[in-house]
Amino acid sequence: MKRVLSGMQPSGQLTLGNYIGALKNFTELQHTHDCYFMVVDLHAITVPQEPAALREQSEAVAALYIAAGIDPSKANVFLQSHVRQHAELGWLFTTLTYMGELERMTQFKDKSAGKDSVGAGLFTYPSLMAADILLYNADLVPVGDDQKQHLELTRDLAHRFNQRFGDTYTIPEPYIPQVGARVMSLDDASNKMSKSNPNQGSFITMLDAPDVIRKKISRAVTDSGREVKFDPQNKPEVSNLISIYAQCSKKPVAEIEAMYDGQGYGPFKKDLAEQVVGLLEPIQERYRDIRASGELHSILREGAERASVQAEKMLRATKEKMGFLVL
Ligand code: AQP
């Protein structure tokens, strides 16, 4: 069975972008692959987090994984910080990564833009991400389009390690959806939807109440025209909303365009909001049940125990090859 690994940062509430771009794929892959799905809390602290919020969001992300359909008896669900090997292998891979490679990363450029000072961890984040993936010798990594560059670096680092120290790591492949790989922000279609955007109206979270979703979609930026037409070049905002509609309703884009032909944006946005509410409401119900059940901690403990066994094997093999005295 091929192995899958992916994670999401508890740096806020998961968004519809996180769901469409990645989480939805997690739930599909668990039936055919040996899956490891983490909450990457060590990554989240690469930008400042309020401790109580970090703890709450870590639990919320794990509960949303399960509410979205990940079955913890099939897939390993755990927090990154509960498997200590991540931090250790992360350091080893930091020493194998070149400064120039990290300087080229667009996520670092975006997140550090305009800031007087940023933590060194934000810069070395891709080395830790490489370690996360290679620690389990993953074959496949389901991610949104924004993570493609980090995954390329992971592949380069795996090659580099294998060449320098002997064949050890599988070269992982990205698994990026054809449609919905980059859901854009509701207030500015030139930026991707992000959970840490300070403008709450720019994203829909997976836990937003139905009325909040309706309000956010009614206020979503469109253009001065009235044609519901998929044309990302000339109508990026409307095209983004059509993509979301297509993902939620499973209807082809052409059918959506035909449904709203000549009607303007009002009826389209109204129905889009109902589509999103219809997608998220059952997930939210399961989420509340999971949080109330008190089972989350034992699921996470068991997931981390299973993941640690696998992680320790790769860490030992790596250390031996690099010349550490492993007793
Ligand atoms: N807008 C998006 N469209 C499609 N996929 C997306 N992903 C993120 N945003 C979109 C995918 O979701 C997974 C988890 O991402 P992450 O939490 O590790 O960090 P991120 O990519 O930086 O996501 P955010 O929401 O923008 O978080 P913040 O604001 O904290 O940086 C990844 O597979 C990502 O590709």
# chains A, B, ... in the order shown; residues from 1 in each chain; ligands from 1

call {"tool": "residues_around", "arguments": {"residues": "stretch 269-272 of chain A", "least_positions_apart": "6", "cutoff": "8 Å", "atoms": "only C-alpha atoms", "output": "ChimeraX atom specification"}}
result
/A:214,217-218,241,244-245

call {"tool": "residues_near_ligand", "arguments": {"ligand": "ligand 1", "cutoff": "9 Å", "atoms": "only C-alpha atoms and all ligand atoms", "output": "number ranges by chain"}}
result
A: 6-23, 39-40, 43-44, 47, 107, 111, 141-148, 176-177, 180-185, 191-197, 203

call {"tool": "closest_atom_pairs", "arguments": {"of": "stretch 229-288 of chain A", "to": "stretch 69-80 of chain A", "cutoff": "12 Å", "atoms": "only C-alpha atoms", "output": "tab-separated table"}}
result
residue	atom	partner	partner_atom	distance
A:Pro282	CA	A:Gly69	CA	10.6
A:Ile283	CA	A:Gly69	CA	8.2
A:Gln284	CA	A:Gly69	CA	11.5
A:Arg286	CA	A:Gly69	CA	9.2
A:Tyr287	CA	A:Gly69	CA	10.3

call {"tool": "closest_residue", "arguments": {"among": "A:Thr106, A:Ser308, A:Asn137, A:Ser117", "to": "A:His150", "atoms": "only C-alpha atoms"}}
result
A:Thr106

call {"tool": "select_by_dssp", "arguments": {"residues": "stretch 61-142 of chain A", "states": "alpha helix (DSSP H)", "output": "ChimeraX atom specification"}}
result
/A:61-67,85-94,99-103,106-112,120-134

call {"tool": "write_last_selection", "arguments": {"atoms": "C-alpha atoms", "output": "mmCIF file, in the first residue's frame"}}
result
data_model
loop_
_atom_site.group_PDB
_atom_site.id
_atom_site.type_symbol
_atom_site.label_atom_id
_atom_site.label_comp_id
_atom_site.auth_asym_id
_atom_site.auth_seq_id
_atom_site.Cartn_x
_atom_site.Cartn_y
_atom_site.Cartn_z
ATOM 1 C CA VAL A 61 -8.297 21.041 13.341
ATOM 2 C CA ALA A 62 -7.988 17.418 14.507
ATOM 3 C CA ALA A 63 -11.747 17.264 15.184
ATOM 4 C CA LEU A 64 -12.452 18.772 11.751
ATOM 5 C CA TYR A 65 -10.329 16.100 10.086
ATOM 6 C CA ILE A 66 -12.572 13.474 11.617
ATOM 7 C CA ALA A 67 -15.768 15.455 11.028
ATOM 8 C CA GLN A 85 11.136 12.773 15.697
ATOM 9 C CA HIS A 86 9.739 15.574 13.504
ATOM 10 C CA ALA A 87 11.753 18.254 15.301
ATOM 11 C CA GLU A 88 14.901 16.113 15.299
ATOM 12 C CA LEU A 89 14.770 15.158 11.616
ATOM 13 C CA GLY A 90 13.792 18.770 10.870
ATOM 14 C CA TRP A 91 17.125 19.908 12.309
ATOM 15 C CA LEU A 92 19.059 17.309 10.298
ATOM 16 C CA PHE A 93 17.389 18.495 7.097
ATOM 17 C CA THR A 94 17.950 22.156 7.964
ATOM 18 C CA MET A 99 20.165 29.364 2.120
ATOM 19 C CA GLY A 100 19.509 30.187 -1.549
ATOM 20 C CA GLU A 101 16.832 27.490 -1.736
ATOM 21 C CA LEU A 102 15.008 28.934 1.266
ATOM 22 C CA GLU A 103 15.369 32.491 -0.021
ATOM 23 C CA THR A 106 7.424 32.489 -2.219
ATOM 24 C CA GLN A 107 5.580 31.650 1.010
ATOM 25 C CA PHE A 108 8.487 33.088 3.019
ATOM 26 C CA LYS A 109 8.542 36.183 0.824
ATOM 27 C CA ASP A 110 4.769 36.668 1.229
ATOM 28 C CA LYS A 111 4.694 36.074 4.977
ATOM 29 C CA SER A 112 7.744 38.218 5.719
ATOM 30 C CA ALA A 120 14.190 32.181 11.765
ATOM 31 C CA GLY A 121 11.673 29.317 11.893
ATOM 32 C CA LEU A 122 9.591 30.965 9.186
ATOM 33 C CA PHE A 123 12.665 30.875 6.969
ATOM 34 C CA THR A 124 13.548 27.232 7.712
ATOM 35 C CA TYR A 125 9.907 26.028 7.620
ATOM 36 C CA PRO A 126 10.406 24.117 4.306
ATOM 37 C CA SER A 127 13.205 21.990 5.842
ATOM 38 C CA LEU A 128 10.854 20.899 8.625
ATOM 39 C CA MET A 129 8.136 20.198 6.062
ATOM 40 C CA ALA A 130 10.587 18.009 4.132
ATOM 41 C CA ALA A 131 11.375 16.129 7.335
ATOM 42 C CA ASP A 132 7.650 15.656 8.051
ATOM 43 C CA ILE A 133 7.152 13.953 4.716
ATOM 44 C CA LEU A 134 10.384 11.943 4.580
#

call {"tool": "atom_distance", "arguments": {"atom1": "atom CA of A:Lys215", "atom2": "atom CA of A:Glu56"}}
result
25.5 Å

call {"tool": "select_by_dssp", "arguments": {"residues": "stretch 30-167 of chain A", "states": "strand (DSSP E)", "output": "list in words"}}
result
Asp34, Cys35, Tyr36, Phe37, Met38, Val39, Asn76, Val77, Phe78, Leu79, Leu140, Val141 and Pro142 of chain A

call {"tool": "atom_distance", "arguments": {"atom1": "atom CA of A:Glu312", "atom2": "atom CA of A:Tyr136"}}
result
9.3 Å

call {"tool": "closest_residue", "arguments": {"among": "A:Asp231, A:Glu320, A:Asp139, A:Asp41", "to": "A:Glu257", "atoms": "only C-alpha atoms"}}
result
A:Asp231

call {"tool": "closest_residue", "arguments": {"among": "A:Val326, A:Met314, A:Met1, A:Leu96", "to": "A:Arg160", "atoms": "only C-alpha atoms"}}
result
A:Leu96

call {"tool": "residues_around", "arguments": {"residues": "A:Ala220", "least_positions_apart": "6", "cutoff": "8 Å", "atoms": "only C-alpha atoms", "output": "PyMOL selection string"}}
result
chain A and resi 186-187+201-202

call {"tool": "residues_around", "arguments": {"residues": "A:Ile242", "least_positions_apart": "4", "cutoff": "7 Å", "atoms": "only C-alpha atoms", "output": "number ranges by chain"}}
result
A: 230, 238, 246, 253

call {"tool": "closest_residue", "arguments": {"among": "A:Lys313, A:Lys250, A:Lys229, A:Arg55", "to": "A:Leu135", "atoms": "only C-alpha atoms"}}
result
A:Lys313
